[in-house]
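Novice: So that you have it, the file is structure-v3.cif, and it contains mmCIF, C-alpha atoms:
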```cif
data_final
#
loop_
_atom_site.group_PDB
_atom_site.id
_atom_site.type_symbol
_atom_site.label_atom_id
_atom_site.label_comp_id
_atom_site.auth_asym_id
_atom_site.auth_seq_id
_atom_site.Cartn_x
_atom_site.Cartn_y
_atom_site.Cartn_z
ATOM 1 C CA MET J 485 -133.221 219.776 -0.546
ATOM 2 C CA ASP J 486 -130.780 217.474 -2.335
ATOM 3 C CA LYS J 487 -132.230 214.938 -4.698
ATOM 4 C CA ILE J 488 -132.521 211.493 -3.183
ATOM 5 C CA THR J 489 -132.885 207.900 -4.307
ATOM 6 C CA ALA J 490 -136.014 206.262 -2.911
ATOM 7 C CA LEU J 491 -137.009 202.606 -2.777
ATOM 8 C CA ILE J 492 -140.764 202.011 -3.002
ATOM 9 C CA VAL J 493 -141.898 198.543 -1.919
ATOM 10 C CA ASP J 494 -145.456 197.475 -2.711
ATOM 11 C CA ASP J 495 -146.925 194.497 -4.551
ATOM 12 C CA SER J 496 -149.202 196.876 -6.456
ATOM 13 C CA SER J 497 -147.532 198.723 -9.340
ATOM 14 C CA VAL J 498 -150.397 201.232 -9.189
ATOM 15 C CA MET J 499 -149.645 201.994 -5.557
ATOM 16 C CA ARG J 500 -145.921 202.344 -6.293
ATOM 17 C CA LYS J 501 -146.750 205.001 -8.879
ATOM 18 C CA ILE J 502 -149.087 206.793 -6.474
ATOM 19 C CA VAL J 503 -146.480 206.789 -3.713
ATOM 20 C CA GLU J 504 -143.876 208.193 -6.120
ATOM 21 C CA ARG J 505 -146.281 210.917 -7.229
ATOM 22 C CA SER J 506 -147.107 211.732 -3.603
ATOM 23 C CA LEU J 507 -143.413 212.085 -2.761
ATOM 24 C CA ARG J 508 -142.964 214.539 -5.622
ATOM 25 C CA GLN J 509 -146.113 216.423 -4.572
ATOM 26 C CA ALA J 510 -144.654 216.612 -1.064
ATOM 27 C CA GLY J 511 -141.720 218.526 -2.535
ATOM 28 C CA ILE J 512 -139.233 215.674 -2.245
ATOM 29 C CA GLU J 513 -136.897 215.759 -5.236
ATOM 30 C CA LEU J 514 -136.135 212.298 -6.495
ATOM 31 C CA GLU J 515 -132.897 211.508 -8.267
ATOM 32 C CA LYS J 516 -133.983 207.935 -8.845
ATOM 33 C CA VAL J 517 -136.832 205.662 -7.822
ATOM 34 C CA VAL J 518 -136.178 201.954 -7.310
ATOM 35 C CA GLU J 519 -139.216 199.696 -7.147
ATOM 36 C CA ALA J 520 -139.697 196.327 -5.454
ATOM 37 C CA SER J 521 -142.841 194.227 -5.272
ATOM 38 C CA ASN J 522 -142.041 192.392 -2.015
ATOM 39 C CA GLY J 523 -139.620 192.352 0.875
ATOM 40 C CA ALA J 524 -137.204 189.907 -0.731
ATOM 41 C CA GLU J 525 -136.825 192.112 -3.813
ATOM 42 C CA ALA J 526 -136.390 195.096 -1.512
ATOM 43 C CA LEU J 527 -133.549 193.403 0.375
ATOM 44 C CA ALA J 528 -131.771 192.818 -2.942
ATOM 45 C CA ALA J 529 -132.421 196.416 -3.972
ATOM 46 C CA VAL J 530 -130.848 197.947 -0.856
ATOM 47 C CA GLN J 531 -127.713 195.913 -1.492
ATOM 48 C CA SER J 532 -127.333 196.979 -5.099
ATOM 49 C CA ASN J 533 -128.408 200.642 -4.923
ATOM 50 C CA LYS J 534 -127.542 203.632 -2.769
ATOM 51 C CA ILE J 535 -130.972 204.064 -1.204
ATOM 52 C CA GLU J 536 -131.694 207.076 1.005
ATOM 53 C CA LEU J 537 -135.383 206.532 1.795
ATOM 54 C CA ILE J 538 -137.648 203.473 1.831
ATOM 55 C CA LEU J 539 -141.445 203.503 1.634
ATOM 56 C CA CYS J 540 -142.795 200.044 2.367
ATOM 57 C CA ASP J 541 -146.157 198.262 2.371
ATOM 58 C CA ILE J 542 -146.849 195.506 4.933
ATOM 59 C CA ASN J 543 -149.145 192.951 3.253
ATOM 60 C CA MET J 544 -147.115 191.509 0.389
ATOM 61 C CA PRO J 545 -146.472 188.006 -0.935
ATOM 62 C CA VAL J 546 -143.082 186.260 -0.614
ATOM 63 C CA MET J 547 -141.849 188.500 2.237
ATOM 64 C CA ASP J 548 -144.043 190.997 4.047
ATOM 65 C CA GLY J 549 -143.034 194.483 5.061
ATOM 66 C CA LEU J 550 -142.478 193.776 8.745
ATOM 67 C CA GLU J 551 -140.097 190.922 7.965
ATOM 68 C CA PHE J 552 -138.295 193.155 5.472
ATOM 69 C CA VAL J 553 -137.780 195.826 8.150
ATOM 70 C CA ARG J 554 -136.451 193.218 10.599
ATOM 71 C CA GLN J 555 -134.024 191.750 8.051
ATOM 72 C CA ALA J 556 -132.953 195.162 6.743
ATOM 73 C CA ALA J 557 -131.811 196.041 10.264
ATOM 74 C CA THR J 558 -129.211 193.268 10.018
ATOM 75 C CA ILE J 559 -127.786 194.332 6.650
ATOM 76 C CA ALA J 560 -124.918 196.802 6.709
ATOM 77 C CA SER J 561 -125.928 198.558 3.492
ATOM 78 C CA ALA J 562 -129.449 199.135 4.841
ATOM 79 C CA LYS J 563 -128.552 200.422 8.288
ATOM 80 C CA GLY J 564 -129.512 204.039 8.816
ATOM 81 C CA ILE J 565 -131.848 204.225 5.837
ATOM 82 C CA PRO J 566 -135.142 205.677 7.096
ATOM 83 C CA ILE J 567 -138.081 203.352 6.456
ATOM 84 C CA VAL J 568 -141.661 204.622 6.423
ATOM 85 C CA MET J 569 -144.470 202.076 6.266
ATOM 86 C CA ILE J 570 -147.415 202.862 3.978
ATOM 87 C CA THR J 571 -150.160 200.322 4.563
ATOM 88 C CA THR J 572 -153.822 199.514 5.029
ATOM 89 C CA GLU J 573 -152.880 197.759 8.286
ATOM 90 C CA GLY J 574 -153.653 200.673 10.545
ATOM 91 C CA SER J 575 -153.959 199.014 13.939
ATOM 92 C CA GLU J 576 -151.938 200.170 16.923
ATOM 93 C CA THR J 577 -150.460 196.672 17.092
ATOM 94 C CA HIS J 578 -149.074 196.936 13.577
ATOM 95 C CA VAL J 579 -147.725 200.428 14.206
ATOM 96 C CA VAL J 580 -145.909 199.239 17.330
ATOM 97 C CA GLN J 581 -144.572 196.141 15.530
ATOM 98 C CA ALA J 582 -143.260 198.253 12.662
ATOM 99 C CA LEU J 583 -141.657 200.900 14.851
ATOM 100 C CA THR J 584 -140.147 198.244 17.128
ATOM 101 C CA ALA J 585 -138.700 196.479 14.093
ATOM 102 C CA GLY J 586 -136.991 199.691 13.036
ATOM 103 C CA ALA J 587 -139.406 201.679 10.878
ATOM 104 C CA ARG J 588 -139.231 205.435 11.460
ATOM 105 C CA GLY J 589 -142.709 206.386 10.300
ATOM 106 C CA TYR J 590 -146.142 204.977 9.542
ATOM 107 C CA ILE J 591 -148.739 206.166 7.034
ATOM 108 C CA ARG J 592 -152.172 204.571 6.751
ATOM 109 C CA LYS J 593 -153.858 204.073 3.374
ATOM 110 C CA PRO J 594 -155.793 205.942 2.124
ATOM 111 C CA PHE J 595 -153.369 208.834 2.441
ATOM 112 C CA THR J 596 -153.043 212.371 1.120
ATOM 113 C CA PRO J 597 -149.855 213.996 -0.232
ATOM 114 C CA ASP J 598 -149.923 216.217 2.879
ATOM 115 C CA GLN J 599 -149.764 213.130 5.104
ATOM 116 C CA VAL J 600 -146.787 211.874 3.096
ATOM 117 C CA LYS J 601 -145.121 215.241 3.582
ATOM 118 C CA GLU J 602 -145.894 215.233 7.306
ATOM 119 C CA HIS J 603 -144.429 211.775 7.899
ATOM 120 C CA VAL J 604 -141.587 211.595 5.390
ATOM 121 C CA LEU J 605 -139.896 214.998 5.673
ATOM 122 C CA PRO J 606 -139.057 214.563 9.386
ATOM 123 C CA VAL J 607 -137.278 211.254 8.775
ATOM 124 C CA LEU J 608 -135.185 213.057 6.161
ATOM 125 C CA GLY J 609 -134.310 215.668 8.764
ATOM 126 C CA LYS J 610 -136.563 218.308 7.202
ATOM 127 C CA LYS J 611 -139.457 220.290 8.580
ATOM 128 C CA PRO J 612 -142.842 219.341 7.102
ATOM 129 C CA MET S 861 -161.848 180.966 21.070
ATOM 130 C CA ASN S 862 -160.767 184.403 22.098
ATOM 131 C CA THR S 863 -163.834 186.026 23.537
ATOM 132 C CA ASP S 864 -162.375 189.385 22.639
ATOM 133 C CA ALA S 865 -163.455 188.599 19.110
ATOM 134 C CA SER S 866 -166.975 189.150 20.235
ATOM 135 C CA LEU S 867 -166.133 192.685 21.181
ATOM 136 C CA VAL S 868 -165.940 193.354 17.508
ATOM 137 C CA THR S 869 -169.481 193.852 18.584
ATOM 138 C CA ARG S 870 -171.452 191.517 16.403
ATOM 139 C CA SER S 871 -174.495 192.967 18.111
ATOM 140 C CA HIS S 872 -173.692 196.174 16.300
ATOM 141 C CA GLU S 873 -173.469 194.667 12.848
ATOM 142 C CA GLU S 874 -176.640 196.371 11.821
ATOM 143 C CA ASN S 875 -174.761 199.643 12.195
ATOM 144 C CA TRP S 876 -171.894 198.622 9.970
ATOM 145 C CA LEU S 877 -173.392 199.609 6.608
ATOM 146 C CA PRO S 878 -172.847 203.364 7.163
ATOM 147 C CA ILE S 879 -169.283 202.582 8.273
ATOM 148 C CA LEU S 880 -168.697 200.569 5.106
ATOM 149 C CA GLU S 881 -170.163 203.366 2.976
ATOM 150 C CA LEU S 882 -167.951 205.919 4.713
ATOM 151 C CA ALA S 883 -164.903 203.725 4.170
ATOM 152 C CA VAL S 884 -165.705 203.566 0.441
ATOM 153 C CA GLU S 885 -166.356 207.306 0.176
ATOM 154 C CA GLU S 886 -163.043 208.163 1.841
ATOM 155 C CA VAL S 887 -161.010 205.848 -0.369
ATOM 156 C CA PHE S 888 -162.536 207.272 -3.543
ATOM 157 C CA GLU S 889 -162.209 210.873 -2.431
ATOM 158 C CA ILE S 890 -158.612 210.578 -1.213
ATOM 159 C CA MET S 891 -157.063 208.011 -3.545
ATOM 160 C CA VAL S 892 -159.176 208.176 -6.692
ATOM 161 C CA GLY S 893 -159.862 211.910 -6.506
ATOM 162 C CA CYS S 894 -163.586 211.572 -7.050
ATOM 163 C CA ARG S 895 -166.615 211.699 -4.804
ATOM 164 C CA VAL S 896 -168.987 208.759 -4.899
ATOM 165 C CA LYS S 897 -172.598 208.909 -3.843
ATOM 166 C CA VAL S 898 -174.567 206.213 -2.036
ATOM 167 C CA ALA S 899 -177.328 204.871 -4.294
ATOM 168 C CA GLU S 900 -180.403 202.696 -3.888
ATOM 169 C CA GLN S 901 -179.321 199.083 -4.388
ATOM 170 C CA SER S 902 -182.582 198.153 -6.036
ATOM 171 C CA GLU S 903 -182.230 200.844 -8.693
ATOM 172 C CA HIS S 904 -178.581 200.399 -9.578
ATOM 173 C CA LYS S 905 -177.005 197.051 -10.332
ATOM 174 C CA PRO S 906 -173.542 197.136 -11.866
ATOM 175 C CA ASN S 907 -172.646 194.963 -14.810
ATOM 176 C CA GLU S 908 -170.077 192.938 -12.906
ATOM 177 C CA GLU S 909 -167.282 192.665 -15.449
ATOM 178 C CA PHE S 910 -164.568 193.273 -12.851
ATOM 179 C CA THR S 911 -164.607 191.841 -9.334
ATOM 180 C CA ALA S 912 -161.873 192.647 -6.827
ATOM 181 C CA MET S 913 -161.767 190.720 -3.565
ATOM 182 C CA VAL S 914 -159.836 190.823 -0.320
ATOM 183 C CA GLY S 915 -160.129 188.207 2.403
ATOM 184 C CA LEU S 916 -160.369 189.003 6.101
ATOM 185 C CA ALA S 917 -159.225 186.610 8.809
ATOM 186 C CA GLY S 918 -159.200 186.771 12.580
ATOM 187 C CA ALA S 919 -161.629 188.849 14.607
ATOM 188 C CA LEU S 920 -163.480 189.472 11.350
ATOM 189 C CA CYS S 921 -163.557 186.499 9.003
ATOM 190 C CA GLY S 922 -164.941 186.746 5.495
ATOM 191 C CA ILE S 923 -164.474 188.531 2.209
ATOM 192 C CA LEU S 924 -164.960 192.015 0.810
ATOM 193 C CA THR S 925 -165.677 192.416 -2.893
ATOM 194 C CA VAL S 926 -165.862 195.433 -5.203
ATOM 195 C CA CYS S 927 -167.736 194.925 -8.493
ATOM 196 C CA CYS S 928 -168.201 197.224 -11.467
ATOM 197 C CA ASP S 929 -168.297 197.224 -15.247
ATOM 198 C CA ALA S 930 -165.138 197.347 -17.364
ATOM 199 C CA LYS S 931 -165.562 200.989 -18.354
ATOM 200 C CA THR S 932 -165.862 202.061 -14.721
ATOM 201 C CA ALA S 933 -162.848 199.973 -13.701
ATOM 202 C CA GLY S 934 -160.872 201.655 -16.490
ATOM 203 C CA GLU S 935 -161.973 205.115 -15.350
ATOM 204 C CA VAL S 936 -160.975 204.352 -11.752
ATOM 205 C CA ALA S 937 -157.515 203.290 -12.964
ATOM 206 C CA LYS S 938 -157.163 206.429 -15.097
ATOM 207 C CA ARG S 939 -158.128 208.604 -12.153
ATOM 208 C CA MET S 940 -155.457 206.921 -10.046
ATOM 209 C CA LEU S 941 -152.701 206.712 -12.648
ATOM 210 C CA GLY S 942 -153.516 209.299 -15.248
ATOM 211 C CA ASP S 943 -153.587 208.391 -18.906
ATOM 212 C CA THR S 944 -150.834 205.826 -18.386
ATOM 213 C CA ALA S 945 -153.462 203.304 -17.221
ATOM 214 C CA ASP S 946 -153.811 201.526 -20.503
ATOM 215 C CA SER S 947 -153.536 197.813 -19.827
ATOM 216 C CA GLN S 948 -155.986 195.372 -18.305
ATOM 217 C CA GLN S 949 -153.299 194.457 -15.780
ATOM 218 C CA GLN S 950 -153.127 198.053 -14.544
ATOM 219 C CA VAL S 951 -156.906 198.285 -14.396
ATOM 220 C CA ALA S 952 -157.067 195.108 -12.327
ATOM 221 C CA ASP S 953 -154.221 196.301 -10.103
ATOM 222 C CA ALA S 954 -155.984 199.622 -9.473
ATOM 223 C CA LEU S 955 -159.314 198.015 -8.605
ATOM 224 C CA GLY S 956 -157.566 195.504 -6.347
ATOM 225 C CA GLU S 957 -155.881 198.322 -4.456
ATOM 226 C CA VAL S 958 -159.172 200.163 -4.086
ATOM 227 C CA CYS S 959 -160.697 197.002 -2.626
ATOM 228 C CA ASN S 960 -157.708 196.536 -0.322
ATOM 229 C CA MET S 961 -157.933 200.103 0.968
ATOM 230 C CA ILE S 962 -161.692 199.872 1.516
ATOM 231 C CA ALA S 963 -161.228 196.679 3.545
ATOM 232 C CA GLY S 964 -158.433 198.227 5.593
ATOM 233 C CA ASN S 965 -160.251 201.500 6.107
ATOM 234 C CA PHE S 966 -163.409 199.664 7.166
ATOM 235 C CA LYS S 967 -161.718 197.437 9.747
ATOM 236 C CA ASN S 968 -159.682 200.349 11.083
ATOM 237 C CA LYS S 969 -162.946 202.153 11.833
ATOM 238 C CA LEU S 970 -164.304 199.276 13.918
ATOM 239 C CA ALA S 971 -163.504 199.183 17.607
ATOM 240 C CA GLY S 972 -162.015 195.944 18.847
ATOM 241 C CA THR S 973 -160.231 194.705 15.734
ATOM 242 C CA ASP S 974 -156.855 196.120 16.719
ATOM 243 C CA GLY S 975 -154.220 193.789 15.384
ATOM 244 C CA ARG S 976 -156.609 190.841 15.315
ATOM 245 C CA CYS S 977 -157.931 191.068 11.779
ATOM 246 C CA MET S 978 -155.629 190.412 8.851
ATOM 247 C CA LEU S 979 -156.205 191.143 5.184
ATOM 248 C CA SER S 980 -155.181 188.987 2.254
ATOM 249 C CA VAL S 981 -153.526 190.416 -0.825
ATOM 250 C CA PRO S 982 -156.203 191.371 -3.384
ATOM 251 C CA THR S 983 -157.444 189.118 -6.184
ATOM 252 C CA VAL S 984 -159.216 190.488 -9.246
ATOM 253 C CA ILE S 985 -161.458 188.578 -11.648
ATOM 254 C CA SER S 986 -162.216 190.060 -15.053
ATOM 255 C CA GLY S 987 -165.255 188.774 -16.879
ATOM 256 C CA GLY S 988 -168.697 188.244 -15.446
ATOM 257 C CA GLU S 989 -169.348 184.608 -16.324
ATOM 258 C CA TYR S 990 -168.722 183.087 -12.936
ATOM 259 C CA SER S 991 -170.600 182.105 -9.808
ATOM 260 C CA PHE S 992 -169.479 183.379 -6.447
ATOM 261 C CA HIS S 993 -169.709 181.076 -3.425
ATOM 262 C CA SER S 994 -168.309 182.183 -0.096
ATOM 263 C CA LEU S 995 -168.026 179.874 2.889
ATOM 264 C CA ALA S 996 -168.616 182.950 5.018
ATOM 265 C CA GLU S 997 -172.345 182.464 5.241
ATOM 266 C CA GLY S 998 -173.144 184.844 8.046
ATOM 267 C CA THR S 999 -173.749 188.550 7.818
ATOM 268 C CA SER S 1000 -173.856 190.127 4.387
ATOM 269 C CA LEU S 1001 -173.679 193.865 3.788
ATOM 270 C CA GLU S 1002 -173.963 195.555 0.427
ATOM 271 C CA ALA S 1003 -173.412 199.171 -0.508
ATOM 272 C CA VAL S 1004 -173.941 200.536 -4.008
ATOM 273 C CA LEU S 1005 -172.269 203.815 -4.810
ATOM 274 C CA LEU S 1006 -172.297 205.876 -7.968
ATOM 275 C CA PHE S 1007 -168.958 206.749 -9.540
ATOM 276 C CA GLU S 1008 -169.475 209.291 -12.308
ATOM 277 C CA GLY S 1009 -173.019 207.966 -12.567
ATOM 278 C CA ALA S 1010 -172.004 204.312 -12.835
ATOM 279 C CA PRO S 1011 -172.768 201.869 -9.998
ATOM 280 C CA ILE S 1012 -170.057 200.165 -7.977
ATOM 281 C CA ALA S 1013 -171.177 197.422 -5.599
ATOM 282 C CA VAL S 1014 -169.214 196.800 -2.410
ATOM 283 C CA ARG S 1015 -170.142 193.631 -0.530
ATOM 284 C CA LEU S 1016 -168.929 192.350 2.797
ATOM 285 C CA GLN S 1017 -169.699 188.740 3.685
ATOM 286 C CA LEU S 1018 -168.756 187.644 7.175
ATOM 287 C CA GLU S 1019 -168.767 184.291 8.906
ATOM 288 C CA HIS S 1020 -170.719 184.118 12.132
#
```
Please re-express this file's structure in structure tokens.
Specialist:
Amino acid sequence: MDKITALIVDDSSVMRKIVERSLRQAGIELEKVVEASNGAEALAAVQSNKIELILCDINMPVMDGLEFVRQAATIASAKGIPIVMITTEGSETHVVQALTAGARGYIRKPFTPDQVKEHVLPVLGKKP
Amino acid sequence: MNTDASLVTRSHEENWLPILELAVEEVFEIMVGCRVKVAEQSEHKPNEEFTAMVGLAGALCGILTVCCDAKTAGEVAKRMLGDTADSQQQVADALGEVCNMIAGNFKNKLAGTDGRCMLSVPTVISGGEYSFHSLAEGTSLEAVLLFEGAPIAVRLQLEH
């Protein structure tokens, strides 16, 4: 698999590190990792980097993850980038909202590296 | 008032402690990489030098707190981050995330909360010289679990 640039969006720096580690444990080779602590920072990041995968929390200050997904869908540089939500908000309602807004996958916290592999590889066109 | 809120089955609140304990055990096993063991509350009281809290609003309204001593909070952060967890900010961040995941895992296990209970972002207090007053003066649940032999208290206070 080619190395990719991933954007990890979470207001917790600890969780960003854990998500990055989980991606590597899932066998996803990362060329570069861009971090953002809320949706507004993430919108800026997708416009100034060539992002190929986005992992995004929902509950964040400034701009939450659902709003980020909605706004990203309107930005040319973000169109087509697969977005996978990683969040404690595990209700069916949130899953439907995220997928309707344009997310391609949904992982509930707490999560294992195997769950990351299972949900992220397919959106990259790979078999888990 | 949405009567569906009542289907969060307040009549079953007495059964929520095992669900809370399970939620804590899963978060520690999966995200911290360590098993925790339920302990007798009366025998184990943590020195509450770190307190993480997450608010709940909607079908469940109240606050969930996770309290432990500074050494335990540091060990939790190291387990999550490796030896790079060296600042108080990272320790607080790690404990806040643990609290956030416990709250989310707990509410996701309850029938009837689907989409109608929101969580706040976590807040973490370091230092034990404070008094805690919650306006959620209804049900109170407390679980004490041992992490590497040290007690961690998880409390859920809900408004009636």
Novice: Go through J:Ile565, J:Cys540, J:Val546, J:Leu507 one by one, measure the shortest atom-to-atom distance of each to chain S using all atoms listed in the file, and give the residue with the smallest value.
Specialist: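 Looking only at the distances to chain S, the closest residue turns out to be J:Val546.
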Novice: When the PyMOL selection byres ((chain S) within 6 of (chain J)) is applied to the file above, which residues end up in the set, as number ranges by chain?
Specialist: S: 887, 954, 961, 964, 974-975
Novice: Give the answer as one residue: which of S:Phe888, S:Phe1007, S:Phe910, S:Phe992 has the shortest atom-to-atom distance to Val951 of chain S, using only C-alpha atoms?
Specialist: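 Counting only C-alpha atoms, the residue closest to Val951 of chain S is S:Phe910.
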Novice: Just how far from atom CA of Gln948 of chain S is atom CA of Ala930 of chain S, in Å to one decimal?
Specialist: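 Atom CA of Ala930 of chain S sits 9.4 Å away from atom CA of Gln948 of chain S.
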Novice: Could you write out as a list in words the residues that the PyMOL selection byres ((chain J and resi 527-539) around 8) matches in the shown file?
Specialist: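 Going through the file, the PyMOL selection byres ((chain J and resi 527-539) around 8) ends up selecting Ile488, Thr489, Ala490, Leu491, Ile492, Val493, Val518, Ala520, Gly523, Ala524, Glu525, Ala526, Cys540, Asp541, Phe552, Gln555, Ala556, Ser561, Ala562, Ile565, Pro566, Ile567, Val568, Met569, Ile570 and Leu608 of chain J.
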Novice: Output the selection as a JSON list (two decimals), in the coordinates of the input - C-alpha atoms for each residue.
Specialist:
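As written to disk, result05.json reads:
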```json
[["chain", "number", "residue", "atom", "x", "y", "z"],
["J", 488, "ILE", "CA", -132.52, 211.49, -3.18],
["J", 489, "THR", "CA", -132.88, 207.90, -4.31],
["J", 490, "ALA", "CA", -136.01, 206.26, -2.91],
["J", 491, "LEU", "CA", -137.01, 202.61, -2.78],
["J", 492, "ILE", "CA", -140.76, 202.01, -3.00],
["J", 493, "VAL", "CA", -141.90, 198.54, -1.92],
["J", 518, "VAL", "CA", -136.18, 201.95, -7.31],
["J", 520, "ALA", "CA", -139.70, 196.33, -5.45],
["J", 523, "GLY", "CA", -139.62, 192.35, 0.88],
["J", 524, "ALA", "CA", -137.20, 189.91, -0.73],
["J", 525, "GLU", "CA", -136.82, 192.11, -3.81],
["J", 526, "ALA", "CA", -136.39, 195.10, -1.51],
["J", 540, "CYS", "CA", -142.79, 200.04, 2.37],
["J", 541, "ASP", "CA", -146.16, 198.26, 2.37],
["J", 552, "PHE", "CA", -138.29, 193.16, 5.47],
["J", 555, "GLN", "CA", -134.02, 191.75, 8.05],
["J", 556, "ALA", "CA", -132.95, 195.16, 6.74],
["J", 561, "SER", "CA", -125.93, 198.56, 3.49],
["J", 562, "ALA", "CA", -129.45, 199.14, 4.84],
["J", 565, "ILE", "CA", -131.85, 204.22, 5.84],
["J", 566, "PRO", "CA", -135.14, 205.68, 7.10],
["J", 567, "ILE", "CA", -138.08, 203.35, 6.46],
["J", 568, "VAL", "CA", -141.66, 204.62, 6.42],
["J", 569, "MET", "CA", -144.47, 202.08, 6.27],
["J", 570, "ILE", "CA", -147.42, 202.86, 3.98],
["J", 608, "LEU", "CA", -135.18, 213.06, 6.16]]
```
